[in-house]
Amino acid sequence: MDEFNISEEFLGGKREGTISAHEAAMLTAISWSLMSKDPSTQVGACITNTSNRVLTTGYNGTPIGWSDDEFPWAYKEGVENSKYTYVVHAEENAIANYKGSVEHFKDATIYVTLFPCSNCSKKIIQSGIKRVVYLFDDRKDTKDNIAAKYMLNKAGVEFISFEELRKIDEVDISFDSMPNEYVKKLVRKL
């Protein structure tokens, strides 16, 4: 049997400057964050399996069946009926929206635009997700942030900033260098 060979003229010539699976997942989280109606904090989440396939996504918003026009989006310290009483976080939505087997979350990665709170960290741990990749950690050193990191660490869930992950994986492409103007707009919107 003759070996099938492809002529040299058909090899090579692939497009350069593509993004990595990590960048694609984070861009997915960013895209979903833009769906949030929250006037101050838009958060998106994307969960991928060990093969870097997207399993589910979510953003912070109103519970199912509640019109976001009737939602108290304002927040005041100590006010009981402010947004934090009602909002469903992006991580919670991503986990709750998944219609497959929870076994698919085993060793999965969640990409989030903002480091998870302690309640979302508990749900991440319980779901079997083993890695959190976050874009921003704006609440660093708060009691809730310290508790979230403590729980994730104790449960063996790795957490790493997106920038640090890109350095480790030697990903050179920054969002600003991408040729697509629409993607640049998405990222700048954050």
# chains A, B, ... in the order shown; residues from 1 in each chain; ligands from 1

call {"tool": "residues_around", "arguments": {"residues": "region 85-101 of chain A", "least_positions_apart": "6", "cutoff": "7 Å", "atoms": "only C-alpha atoms", "output": "ChimeraX atom specification"}}
result
/A:43-46,56-63,120

call {"tool": "residues_around", "arguments": {"residues": "Thr50 (chain A)", "least_positions_apart": "2", "cutoff": "8 Å", "atoms": "only C-alpha atoms", "output": "PyMOL selection string"}}
result
chain A and resi 48+52-53+107-109

call {"tool": "write_last_selection", "arguments": {"atoms": "N, CA and C atoms", "output": "tab-separated table (two decimals), in the first residue's frame"}}
result
chain	number	residue	atom	x	y	z
A	48	THR	N	-14.66	25.45	31.41
A	48	THR	CA	-14.17	24.55	30.37
A	48	THR	C	-13.75	23.23	31.00
A	52	ASN	N	-10.36	21.70	27.24
A	52	ASN	CA	-10.56	23.11	26.88
A	52	ASN	C	-11.83	23.37	26.09
A	53	ARG	N	-12.82	22.52	26.26
A	53	ARG	CA	-14.11	22.72	25.60
A	53	ARG	C	-15.03	23.47	26.56
A	107	ASP	N	-12.25	18.34	37.58
A	107	ASP	CA	-10.99	18.91	37.12
A	107	ASP	C	-11.15	20.03	36.08
A	108	ALA	N	-12.33	20.61	36.00
A	108	ALA	CA	-12.59	21.68	35.04
A	108	ALA	C	-11.94	22.99	35.50
A	109	THR	N	-11.95	23.96	34.61
A	109	THR	CA	-11.44	25.30	34.90
A	109	THR	C	-12.58	26.30	34.73

call {"tool": "select_by_dssp", "arguments": {"residues": "region 37-185 of chain A", "states": "strand (DSSP E or B)", "output": "list in words"}}
result
Gly44, Ala45, Cys46, Ile47, Thr48, Val54, Leu55, Thr56, Thr57, Gly58, Tyr59, Gly61, Val88, Thr109, Ile110, Tyr111, Val112, Thr113, Leu114, Arg131, Val132, Val133, Tyr134, Leu135, Phe136, Glu158, Phe159, Ile160 and Ser161 of chain A

call {"tool": "write_last_selection", "arguments": {"atoms": "N, CA and C atoms", "output": "CSV table (one decimal), in the first residue's frame"}}
result
chain,number,residue,atom,x,y,z
A,44,GLY,N,-18.5,38.0,34.2
A,44,GLY,CA,-18.8,36.9,33.4
A,44,GLY,C,-18.0,35.7,33.8
A,45,ALA,N,-18.5,34.5,33.5
A,45,ALA,CA,-17.8,33.2,33.8
A,45,ALA,C,-18.0,32.3,32.7
A,46,CYS,N,-16.9,31.4,32.5
A,46,CYS,CA,-16.9,30.4,31.4
A,46,CYS,C,-16.2,29.2,32.0
A,47,ILE,N,-16.9,28.1,32.0
A,47,ILE,CA,-16.3,26.8,32.5
A,47,ILE,C,-15.9,25.9,31.4
A,48,THR,N,-14.7,25.5,31.4
A,48,THR,CA,-14.2,24.5,30.4
A,48,THR,C,-13.7,23.2,31.0
A,54,VAL,N,-15.7,24.5,26.0
A,54,VAL,CA,-16.7,25.2,26.9
A,54,VAL,C,-17.8,24.4,27.3
A,55,LEU,N,-18.1,24.3,28.6
A,55,LEU,CA,-19.2,23.5,29.1
A,55,LEU,C,-20.4,24.4,29.3
A,56,THR,N,-20.2,25.6,29.9
A,56,THR,CA,-21.3,26.5,30.3
A,56,THR,C,-20.7,27.9,30.6
A,57,THR,N,-21.6,28.9,30.6
A,57,THR,CA,-21.3,30.3,30.8
A,57,THR,C,-22.3,30.9,31.7
A,58,GLY,N,-22.0,32.1,32.3
A,58,GLY,CA,-22.9,32.8,33.1
A,58,GLY,C,-22.5,34.2,33.3
A,59,TYR,N,-23.4,35.0,33.8
A,59,TYR,CA,-23.1,36.4,34.1
A,59,TYR,C,-23.9,36.8,35.3
A,61,GLY,N,-26.7,38.5,37.3
A,61,GLY,CA,-28.0,39.1,36.9
A,61,GLY,C,-29.1,38.7,37.8
A,88,VAL,N,-27.8,37.1,41.3
A,88,VAL,CA,-27.2,35.7,41.1
A,88,VAL,C,-25.8,36.0,40.4
A,109,THR,N,-12.0,24.0,34.6
A,109,THR,CA,-11.4,25.3,34.9
A,109,THR,C,-12.6,26.3,34.7
A,110,ILE,N,-12.7,27.2,35.7
A,110,ILE,CA,-13.6,28.3,35.5
A,110,ILE,C,-12.8,29.6,35.3
A,111,TYR,N,-13.2,30.3,34.2
A,111,TYR,CA,-12.6,31.6,33.9
A,111,TYR,C,-13.6,32.6,34.3
A,112,VAL,N,-13.2,33.6,35.1
A,112,VAL,CA,-14.0,34.6,35.6
A,112,VAL,C,-13.4,36.0,35.5
A,113,THR,N,-14.2,37.0,35.2
A,113,THR,CA,-13.7,38.3,35.1
A,113,THR,C,-13.3,39.0,36.4
A,114,LEU,N,-13.9,38.5,37.5
A,114,LEU,CA,-13.6,39.0,38.8
A,114,LEU,C,-13.5,37.8,39.8
A,131,ARG,N,-9.7,24.5,39.0
A,131,ARG,CA,-8.9,25.7,38.7
A,131,ARG,C,-9.7,26.9,38.4
A,132,VAL,N,-9.3,28.0,39.1
A,132,VAL,CA,-10.0,29.3,38.9
A,132,VAL,C,-9.0,30.3,38.2
A,133,VAL,N,-9.3,30.8,37.0
A,133,VAL,CA,-8.5,31.8,36.3
A,133,VAL,C,-9.3,33.0,36.3
A,134,TYR,N,-8.7,34.1,36.9
A,134,TYR,CA,-9.5,35.3,37.1
A,134,TYR,C,-8.8,36.5,36.4
A,135,LEU,N,-9.6,37.4,35.9
A,135,LEU,CA,-9.0,38.6,35.2
A,135,LEU,C,-8.7,39.7,36.2
A,136,PHE,N,-9.6,40.0,37.1
A,136,PHE,CA,-9.4,41.0,38.1
A,136,PHE,C,-9.6,40.5,39.5
A,158,GLU,N,-6.8,25.3,42.5
A,158,GLU,CA,-5.8,26.3,42.1
A,158,GLU,C,-6.5,27.6,41.7
A,159,PHE,N,-5.9,28.7,42.0
A,159,PHE,CA,-6.4,30.0,41.5
A,159,PHE,C,-5.2,30.8,41.0
A,160,ILE,N,-5.4,31.3,39.8
A,160,ILE,CA,-4.3,32.0,39.2
A,160,ILE,C,-4.8,33.2,38.4
A,161,SER,N,-4.1,34.3,38.4
A,161,SER,CA,-4.6,35.4,37.5
A,161,SER,C,-4.3,35.1,36.1

call {"tool": "atom_distance", "arguments": {"atom1": "CA of Tyr150 (chain A)", "atom2": "CA of Lys123 (chain A)"}}
result
14.2 Å

call {"tool": "residues_around", "arguments": {"residues": "Leu152 (chain A)", "least_positions_apart": "3", "cutoff": "12 Å", "atoms": "only C-alpha atoms", "output": "NGL selection string"}}
result
:A and (115-126 or 128-132 or 145-149 or 155-160)

call {"tool": "write_last_selection", "arguments": {"atoms": "N, CA, C and O atoms", "output": "CSV table (one decimal), in the first residue's frame"}}
result
chain,number,residue,atom,x,y,z
A,115,PHE,N,-12.5,37.9,40.7
A,115,PHE,CA,-12.2,36.8,41.6
A,115,PHE,C,-13.5,36.4,42.4
A,115,PHE,O,-14.2,37.3,42.8
A,116,PRO,N,-13.8,35.1,42.5
A,116,PRO,CA,-15.0,34.7,43.1
A,116,PRO,C,-15.1,35.1,44.6
A,116,PRO,O,-14.1,35.1,45.3
A,117,CYS,N,-16.3,35.4,45.0
A,117,CYS,CA,-16.6,35.6,46.5
A,117,CYS,C,-16.6,34.3,47.2
A,117,CYS,O,-16.4,33.2,46.6
A,118,SER,N,-16.7,34.4,48.5
A,118,SER,CA,-16.6,33.1,49.3
A,118,SER,C,-17.8,32.2,49.0
A,118,SER,O,-17.6,31.0,49.0
A,119,ASN,N,-19.0,32.7,48.8
A,119,ASN,CA,-20.1,31.8,48.5
A,119,ASN,C,-19.9,31.1,47.1
A,119,ASN,O,-20.2,29.9,47.0
A,120,CYS,N,-19.5,31.9,46.1
A,120,CYS,CA,-19.2,31.2,44.8
A,120,CYS,C,-18.0,30.2,44.9
A,120,CYS,O,-18.1,29.2,44.3
A,121,SER,N,-17.1,30.6,45.8
A,121,SER,CA,-15.9,29.6,46.0
A,121,SER,C,-16.4,28.3,46.5
A,121,SER,O,-16.0,27.2,46.1
A,122,LYS,N,-17.4,28.3,47.4
A,122,LYS,CA,-18.0,27.1,48.0
A,122,LYS,C,-18.6,26.3,46.9
A,122,LYS,O,-18.5,25.1,46.8
A,123,LYS,N,-19.4,27.0,46.0
A,123,LYS,CA,-20.0,26.3,44.9
A,123,LYS,C,-19.0,25.7,43.9
A,123,LYS,O,-19.2,24.6,43.4
A,124,ILE,N,-18.0,26.4,43.7
A,124,ILE,CA,-16.9,26.0,42.8
A,124,ILE,C,-16.3,24.7,43.3
A,124,ILE,O,-16.1,23.7,42.6
A,125,ILE,N,-16.0,24.7,44.6
A,125,ILE,CA,-15.4,23.6,45.3
A,125,ILE,C,-16.3,22.4,45.2
A,125,ILE,O,-15.9,21.3,44.8
A,126,GLN,N,-17.6,22.6,45.6
A,126,GLN,CA,-18.6,21.5,45.6
A,126,GLN,C,-18.8,20.9,44.2
A,126,GLN,O,-19.1,19.7,44.1
A,128,GLY,N,-16.6,20.4,41.9
A,128,GLY,CA,-15.5,19.6,41.4
A,128,GLY,C,-14.5,20.4,40.5
A,128,GLY,O,-13.5,19.8,40.0
A,129,ILE,N,-14.8,21.6,40.2
A,129,ILE,CA,-13.9,22.5,39.5
A,129,ILE,C,-12.5,22.6,40.2
A,129,ILE,O,-12.5,22.7,41.4
A,130,LYS,N,-11.4,22.5,39.5
A,130,LYS,CA,-10.1,22.4,40.1
A,130,LYS,C,-9.2,23.6,39.8
A,130,LYS,O,-8.1,23.7,40.3
A,131,ARG,N,-9.7,24.5,39.0
A,131,ARG,CA,-8.9,25.7,38.7
A,131,ARG,C,-9.7,26.9,38.4
A,131,ARG,O,-10.7,26.9,37.7
A,132,VAL,N,-9.3,28.0,39.1
A,132,VAL,CA,-10.0,29.3,38.9
A,132,VAL,C,-9.0,30.3,38.2
A,132,VAL,O,-7.9,30.5,38.7
A,145,ASN,N,-12.6,38.0,50.5
A,145,ASN,CA,-11.6,37.5,49.6
A,145,ASN,C,-10.6,36.6,50.2
A,145,ASN,O,-10.3,35.5,49.6
A,146,ILE,N,-10.2,36.9,51.4
A,146,ILE,CA,-9.3,36.0,52.2
A,146,ILE,C,-10.0,34.7,52.5
A,146,ILE,O,-9.3,33.6,52.3
A,147,ALA,N,-11.2,34.7,52.9
A,147,ALA,CA,-12.0,33.5,53.1
A,147,ALA,C,-12.1,32.6,51.9
A,147,ALA,O,-11.9,31.4,51.9
A,148,ALA,N,-12.4,33.3,50.7
A,148,ALA,CA,-12.5,32.6,49.5
A,148,ALA,C,-11.2,31.9,49.1
A,148,ALA,O,-11.2,30.7,48.7
A,149,LYS,N,-10.1,32.6,49.2
A,149,LYS,CA,-8.8,32.0,48.9
A,149,LYS,C,-8.4,30.9,49.8
A,149,LYS,O,-7.8,29.9,49.4
A,155,ALA,N,-9.2,23.2,49.6
A,155,ALA,CA,-9.8,22.2,48.8
A,155,ALA,C,-9.0,21.8,47.6
A,155,ALA,O,-9.4,20.9,46.9
A,156,GLY,N,-7.8,22.4,47.5
A,156,GLY,CA,-6.9,22.0,46.4
A,156,GLY,C,-7.4,22.6,45.0
A,156,GLY,O,-7.0,22.0,44.0
A,157,VAL,N,-8.1,23.7,45.1
A,157,VAL,CA,-8.5,24.3,43.9
A,157,VAL,C,-7.4,25.4,43.6
A,157,VAL,O,-7.3,26.3,44.4
A,158,GLU,N,-6.8,25.3,42.5
A,158,GLU,CA,-5.8,26.3,42.1
A,158,GLU,C,-6.5,27.6,41.7
A,158,GLU,O,-7.5,27.5,41.0
A,159,PHE,N,-5.9,28.7,42.0
A,159,PHE,CA,-6.4,30.0,41.5
A,159,PHE,C,-5.2,30.8,41.0
A,159,PHE,O,-4.2,30.8,41.7
A,160,ILE,N,-5.4,31.3,39.8
A,160,ILE,CA,-4.3,32.0,39.2
A,160,ILE,C,-4.8,33.2,38.4
A,160,ILE,O,-5.9,33.0,37.7

call {"tool": "closest_residue", "arguments": {"among": "A:Ala29, A:Ile19, A:Ile6, A:Met35", "to": "Asp68 (chain A)", "atoms": "only C-alpha atoms"}}
result
A:Met35
